[in-house]
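Asker: My questions will all concern the structure given below.
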Amino acid sequence: MKTRIAVLCSGGGTNLQAVIDAVEAGTINGEIVLVISNASKAYALERARKHGIEAMFISKKEAGSAEAFNDAILAQLQRVGAELVVLAGYLPIVGAQVVQAYPHRIINIHPALIPSFCGVGMYGHHVHEAVLAYGAKISGATTHFVDEEVDHGGVIMQGSVPVMEDDTADTLAARVLTVEHRILPESVRLFCDGKLRVDGRRVHVL
Ligand code: GRF
């Protein structure tokens with residue numbers, strides 16, 4: 001049985017594309033049944049449509065509150081029977097009602113080595129700027145299960161990259177993105193193959 005996957009995005013969707021490519025290559029035993037973005041012009045929606053995947057914009061503004069916005073998202077996830085939710089470059093905080101409906105069934109990709117450079121406000125370029133400002137020598141990316149705290153759930157996979165002397169936030173972001181494009185599809189593959197076992201804070205890869 002293929003796992004029914006929903007993907008939430010806010011931006012260009014290169015992580016979404018990596019998951020789409022792995023599904024189409026047969027590497028991931030799953031089917032992407034819905035892509036939702038909180039940004040109407042997110043290119044991620046276009047990527048989904050190009051691959052025949054239902055793509056929808058849900059407006060946080062129109063919803064009126066974070067609670068109503070997350071209720072609307074949850075209703076769509078339940079409509080399509082999503083069994084796994086993937087946050088692929090998704091900026092809004094996932095509401096508690098969504099996390100509670102999908103315990104250890106929401107996977108996020110963060111562009112740093114959690115627990116470093118993560119938490120509220122740490123997204124996109126802010127992360128890489130903080131890494132450079134701190135003078136860290138290694139950075140990378142992390143996939144983890146989403147719980148009710150930001151960037152806090154059990155770590156699934158991590159990959160590291162060197163921070164170069166002449167790095168800018170852009171050059172570091174590009175190097176980290178290559179790791180993201182590897183570990184996100186791999187984490188989704190492991191989930192779909194039933195190879196992730198949660199043991200408290202720990203996630204064992206079987
Ligand atoms: C990237 O900076 C990535 O680190 C983070 O979201 C941003 C956009 O990713 N996860 P994508 O190209 O939209 O997948």
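By convention here, the chains of the structure tokens are called A, B, ... in the order presented, each chain's residues are numbered starting at 1, and ligands are numbered starting at 1 in the order presented.
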Just the residues within 9 Å of A:His104, please, counting only C-alpha atoms, with nothing from its chain fewer than 5 positions along; format it as a PyMOL selection string.

Answerer: chain A and resi 84+99+145-147+153-154+198

Asker: Since we have the selection now, will you write its residues out, keeping C-alpha atoms, as a short mmCIF file (atom, residue, chain, number, x, y, z; two decimals), in the first residue's frame?

Answerer:
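Produced file selection-v2.cif, reproduced below:
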```
data_model
loop_
_atom_site.label_atom_id
_atom_site.label_comp_id
_atom_site.auth_asym_id
_atom_site.auth_seq_id
_atom_site.Cartn_x
_atom_site.Cartn_y
_atom_site.Cartn_z
CA LEU A 84 2.00 11.61 6.29
CA VAL A 99 0.09 18.03 15.34
CA PHE A 145 9.15 14.82 13.45
CA VAL A 146 7.03 17.83 14.32
CA ASP A 147 5.65 18.14 17.83
CA GLY A 153 10.51 16.78 17.65
CA GLY A 154 12.65 13.65 17.29
CA VAL A 198 10.07 6.47 17.76
#
```

Asker: Could you list the protein, DNA and RNA residues that have any atom within 7 Å of ligand 1, counting only C-alpha atoms and all ligand atoms, and write them as a PyMOL selection string?

Answerer: chain A and resi 9-16+44+88-90+109-111+123-125+173+177

Asker: Keeping N, CA, C and O atoms for every residue in the selection just given, could you write it to a file as a PDB file, in the first residue's frame?

Answerer:
```pdb
ATOM      1  N   CYS A   9       4.017  23.823   1.692  1.00  0.00           N
ATOM      2  CA  CYS A   9       5.146  24.631   1.217  1.00  0.00           C
ATOM      3  C   CYS A   9       4.819  26.114   1.325  1.00  0.00           C
ATOM      4  O   CYS A   9       3.659  26.506   1.317  1.00  0.00           O
ATOM      5  N   SER A  10       5.883  26.946   1.349  1.00  0.00           N
ATOM      6  CA  SER A  10       5.660  28.399   1.326  1.00  0.00           C
ATOM      7  C   SER A  10       6.424  29.087   0.209  1.00  0.00           C
ATOM      8  O   SER A  10       6.217  30.275  -0.048  1.00  0.00           O
ATOM      9  N   GLY A  11       7.366  28.357  -0.415  1.00  0.00           N
ATOM     10  CA  GLY A  11       8.262  29.055  -1.350  1.00  0.00           C
ATOM     11  C   GLY A  11       8.443  28.337  -2.671  1.00  0.00           C
ATOM     12  O   GLY A  11       7.492  27.814  -3.236  1.00  0.00           O
ATOM     13  N   GLY A  12       9.677  28.309  -3.122  1.00  0.00           N
ATOM     14  CA  GLY A  12       9.999  27.810  -4.453  1.00  0.00           C
ATOM     15  C   GLY A  12       9.766  26.321  -4.628  1.00  0.00           C
ATOM     16  O   GLY A  12       9.556  25.837  -5.736  1.00  0.00           O
ATOM     17  N   GLY A  13       9.796  25.553  -3.529  1.00  0.00           N
ATOM     18  CA  GLY A  13       9.448  24.144  -3.619  1.00  0.00           C
ATOM     19  C   GLY A  13      10.520  23.225  -4.150  1.00  0.00           C
ATOM     20  O   GLY A  13      10.215  22.166  -4.704  1.00  0.00           O
ATOM     21  N   THR A  14      11.800  23.562  -3.991  1.00  0.00           N
ATOM     22  CA  THR A  14      12.834  22.630  -4.478  1.00  0.00           C
ATOM     23  C   THR A  14      12.853  21.364  -3.630  1.00  0.00           C
ATOM     24  O   THR A  14      13.156  20.284  -4.109  1.00  0.00           O
ATOM     25  N   ASN A  15      12.484  21.486  -2.341  1.00  0.00           N
ATOM     26  CA  ASN A  15      12.401  20.275  -1.507  1.00  0.00           C
ATOM     27  C   ASN A  15      11.198  19.430  -1.922  1.00  0.00           C
ATOM     28  O   ASN A  15      11.279  18.204  -1.971  1.00  0.00           O
ATOM     29  N   LEU A  16      10.094  20.104  -2.249  1.00  0.00           N
ATOM     30  CA  LEU A  16       8.935  19.388  -2.781  1.00  0.00           C
ATOM     31  C   LEU A  16       9.335  18.636  -4.047  1.00  0.00           C
ATOM     32  O   LEU A  16       9.009  17.461  -4.225  1.00  0.00           O
ATOM     33  N   ALA A  44       6.053  26.408  -5.641  1.00  0.00           N
ATOM     34  CA  ALA A  44       5.784  25.015  -5.248  1.00  0.00           C
ATOM     35  C   ALA A  44       4.417  24.560  -5.784  1.00  0.00           C
ATOM     36  O   ALA A  44       4.275  23.408  -6.217  1.00  0.00           O
ATOM     37  N   ALA A  88       7.812  21.169   3.630  1.00  0.00           N
ATOM     38  CA  ALA A  88       8.952  21.353   2.717  1.00  0.00           C
ATOM     39  C   ALA A  88       9.121  22.842   2.430  1.00  0.00           C
ATOM     40  O   ALA A  88       8.522  23.392   1.511  1.00  0.00           O
ATOM     41  N   GLY A  89       9.891  23.516   3.267  1.00  0.00           N
ATOM     42  CA  GLY A  89      10.039  24.970   3.123  1.00  0.00           C
ATOM     43  C   GLY A  89       8.718  25.640   3.475  1.00  0.00           C
ATOM     44  O   GLY A  89       8.182  26.450   2.732  1.00  0.00           O
ATOM     45  N   TYR A  90       8.141  25.256   4.608  1.00  0.00           N
ATOM     46  CA  TYR A  90       6.845  25.770   5.072  1.00  0.00           C
ATOM     47  C   TYR A  90       7.094  26.647   6.277  1.00  0.00           C
ATOM     48  O   TYR A  90       7.722  26.197   7.254  1.00  0.00           O
ATOM     49  N   ILE A 109      11.799  19.745   7.436  1.00  0.00           N
ATOM     50  CA  ILE A 109      13.211  19.898   7.060  1.00  0.00           C
ATOM     51  C   ILE A 109      13.663  21.258   7.558  1.00  0.00           C
ATOM     52  O   ILE A 109      12.990  22.264   7.326  1.00  0.00           O
ATOM     53  N   HIS A 110      14.777  21.245   8.307  1.00  0.00           N
ATOM     54  CA  HIS A 110      15.294  22.518   8.830  1.00  0.00           C
ATOM     55  C   HIS A 110      16.714  22.702   8.302  1.00  0.00           C
ATOM     56  O   HIS A 110      17.523  21.753   8.387  1.00  0.00           O
ATOM     57  N   PRO A 111      17.068  23.898   7.819  1.00  0.00           N
ATOM     58  CA  PRO A 111      18.382  24.081   7.192  1.00  0.00           C
ATOM     59  C   PRO A 111      19.513  24.383   8.172  1.00  0.00           C
ATOM     60  O   PRO A 111      20.320  25.304   7.963  1.00  0.00           O
ATOM     61  N   TYR A 123      14.516  30.736  10.203  1.00  0.00           N
ATOM     62  CA  TYR A 123      14.119  30.083   8.948  1.00  0.00           C
ATOM     63  C   TYR A 123      14.852  30.751   7.810  1.00  0.00           C
ATOM     64  O   TYR A 123      15.351  31.888   7.958  1.00  0.00           O
ATOM     65  N   GLY A 124      14.997  30.014   6.699  1.00  0.00           N
ATOM     66  CA  GLY A 124      15.621  30.575   5.490  1.00  0.00           C
ATOM     67  C   GLY A 124      16.961  31.234   5.810  1.00  0.00           C
ATOM     68  O   GLY A 124      17.770  30.717   6.567  1.00  0.00           O
ATOM     69  N   HIS A 125      17.161  32.429   5.256  1.00  0.00           N
ATOM     70  CA  HIS A 125      18.456  33.108   5.372  1.00  0.00           C
ATOM     71  C   HIS A 125      18.828  33.485   6.796  1.00  0.00           C
ATOM     72  O   HIS A 125      20.006  33.590   7.115  1.00  0.00           O
ATOM     73  N   ALA A 173      23.655  28.718   2.039  1.00  0.00           N
ATOM     74  CA  ALA A 173      22.291  28.205   1.823  1.00  0.00           C
ATOM     75  C   ALA A 173      22.266  27.192   0.684  1.00  0.00           C
ATOM     76  O   ALA A 173      21.634  26.140   0.788  1.00  0.00           O
ATOM     77  N   LEU A 177      21.262  23.352   0.983  1.00  0.00           N
ATOM     78  CA  LEU A 177      20.101  22.890   0.208  1.00  0.00           C
ATOM     79  C   LEU A 177      20.374  21.540  -0.460  1.00  0.00           C
ATOM     80  O   LEU A 177      19.482  20.691  -0.556  1.00  0.00           O
TER      81      LEU A 177
END
```

Asker: Would you give me, as a ChimeraX atom specification, the residues in chain A that DSSP reads as strand (DSSP E or B)?

Answerer: /A:3-9,30-37,55-57,84-87,106-110,138-145,155-162,196-199,202-205

Asker: Restricting it to C-alpha atoms, dump the selection as a tab-separated table (two decimals), in the first residue's frame.

Answerer:
```tsv
chain	number	residue	atom	x	y	z
A	3	THR	CA	1.45	6.02	1.89
A	4	ARG	CA	-0.78	9.02	1.10
A	5	ILE	CA	1.44	12.10	1.46
A	6	ALA	CA	0.44	15.77	1.75
A	7	VAL	CA	3.13	18.45	1.41
A	8	LEU	CA	2.96	21.98	2.86
A	9	CYS	CA	5.15	24.63	1.22
A	30	GLY	CA	4.01	6.76	-1.48
A	31	GLU	CA	1.72	9.04	-3.42
A	32	ILE	CA	1.62	12.83	-3.03
A	33	VAL	CA	-2.12	13.49	-2.89
A	34	LEU	CA	-2.12	17.21	-2.08
A	35	VAL	CA	0.19	20.23	-1.92
A	36	ILE	CA	-0.95	23.21	0.16
A	37	SER	CA	0.72	26.61	0.33
A	55	ALA	CA	-2.38	22.09	-5.39
A	56	MET	CA	-4.18	24.62	-3.24
A	57	PHE	CA	-3.60	27.99	-1.63
A	84	LEU	CA	2.00	11.61	6.29
A	85	VAL	CA	2.42	15.39	6.22
A	86	VAL	CA	5.71	16.81	4.90
A	87	LEU	CA	6.70	20.42	5.65
A	106	ILE	CA	4.61	15.20	10.26
A	107	ILE	CA	8.18	15.53	8.94
A	108	ASN	CA	9.94	18.91	8.72
A	109	ILE	CA	13.21	19.90	7.06
A	110	HIS	CA	15.29	22.52	8.83
A	138	ILE	CA	30.09	23.15	10.25
A	139	SER	CA	26.44	23.52	9.33
A	140	GLY	CA	23.93	21.27	7.61
A	141	ALA	CA	20.29	20.21	7.60
A	142	THR	CA	17.97	18.17	9.78
A	143	THR	CA	14.75	16.26	9.23
A	144	HIS	CA	12.63	15.71	12.32
A	145	PHE	CA	9.15	14.82	13.45
A	155	VAL	CA	15.54	13.96	14.82
A	156	ILE	CA	15.24	11.58	11.88
A	157	MET	CA	18.31	12.41	9.73
A	158	GLN	CA	21.05	15.03	9.64
A	159	GLY	CA	23.68	15.89	7.04
A	160	SER	CA	26.59	18.31	7.49
A	161	VAL	CA	28.50	20.74	5.27
A	162	PRO	CA	31.65	22.80	5.93
A	196	LEU	CA	11.33	4.75	11.61
A	197	ARG	CA	10.71	3.71	15.21
A	198	VAL	CA	10.07	6.47	17.76
A	199	ASP	CA	11.36	5.81	21.25
A	202	ARG	CA	14.94	9.12	19.92
A	203	VAL	CA	14.03	8.03	16.39
A	204	HIS	CA	15.59	4.69	15.46
A	205	VAL	CA	16.16	3.93	11.78
```

Asker: Using only C-alpha atoms for the distances, tell me which of A:Ile53, A:Val127, A:Ile58, A:Val98 is nearest to A:Leu77.

Answerer: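 Looking only at the distances to A:Leu77, the closest residue turns out to be A:Val98.
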
Asker: Measuring atom to atom with only C-alpha atoms, identify which of A:Ile93, A:Val80, A:Ala136, A:Ile183 is nearest to A:Ala18.

Answerer: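 Counting only C-alpha atoms, the residue closest to A:Ala18 is A:Ile183.
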
Asker: Name the residues of stretch 72-168 of chain A that fall into alpha helix (DSSP H) according to DSSP on the backbone, using the chain letters and numbers of this document, as a PyMOL selection string.

Answerer: chain A and resi 72-79+96-101+125-134

Asker: How would the residues just picked look written out with C-alpha atoms as a CSV table (one decimal), in the first residue's frame?

Answerer:
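The resulting file, selection-v7.csv, is reproduced below:
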```csv
chain,number,residue,atom,x,y,z
A,72,ALA,CA,-8.8,24.7,7.3
A,73,ILE,CA,-5.5,22.9,6.7
A,74,LEU,CA,-6.5,20.0,8.9
A,75,ALA,CA,-9.9,19.7,7.0
A,76,GLN,CA,-8.0,19.4,3.7
A,77,LEU,CA,-5.6,16.8,5.1
A,78,GLN,CA,-8.5,14.7,6.3
A,79,ARG,CA,-10.4,15.2,3.0
A,96,ALA,CA,-1.5,22.0,17.9
A,97,GLN,CA,-4.8,20.5,16.4
A,98,VAL,CA,-2.8,19.4,13.3
A,99,VAL,CA,0.1,18.0,15.3
A,100,GLN,CA,-2.3,16.1,17.6
A,101,ALA,CA,-4.1,14.7,14.6
A,125,HIS,CA,18.5,33.1,5.4
A,126,HIS,CA,18.1,34.0,9.0
A,127,VAL,CA,19.6,30.6,9.8
A,128,HIS,CA,22.6,30.9,7.6
A,129,GLU,CA,23.3,34.5,8.7
A,130,ALA,CA,23.3,33.3,12.3
A,131,VAL,CA,25.7,30.5,11.5
A,132,LEU,CA,28.1,32.9,9.8
A,133,ALA,CA,27.8,35.5,12.5
A,134,TYR,CA,28.5,32.9,15.2
```

Asker: Which residue, A:Pro115, A:Val23, A:Gly200, A:Gly135, has the smallest gap to A:Asp167 when you use only C-alpha atoms?

Answerer: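 Closest candidate: A:Gly135.
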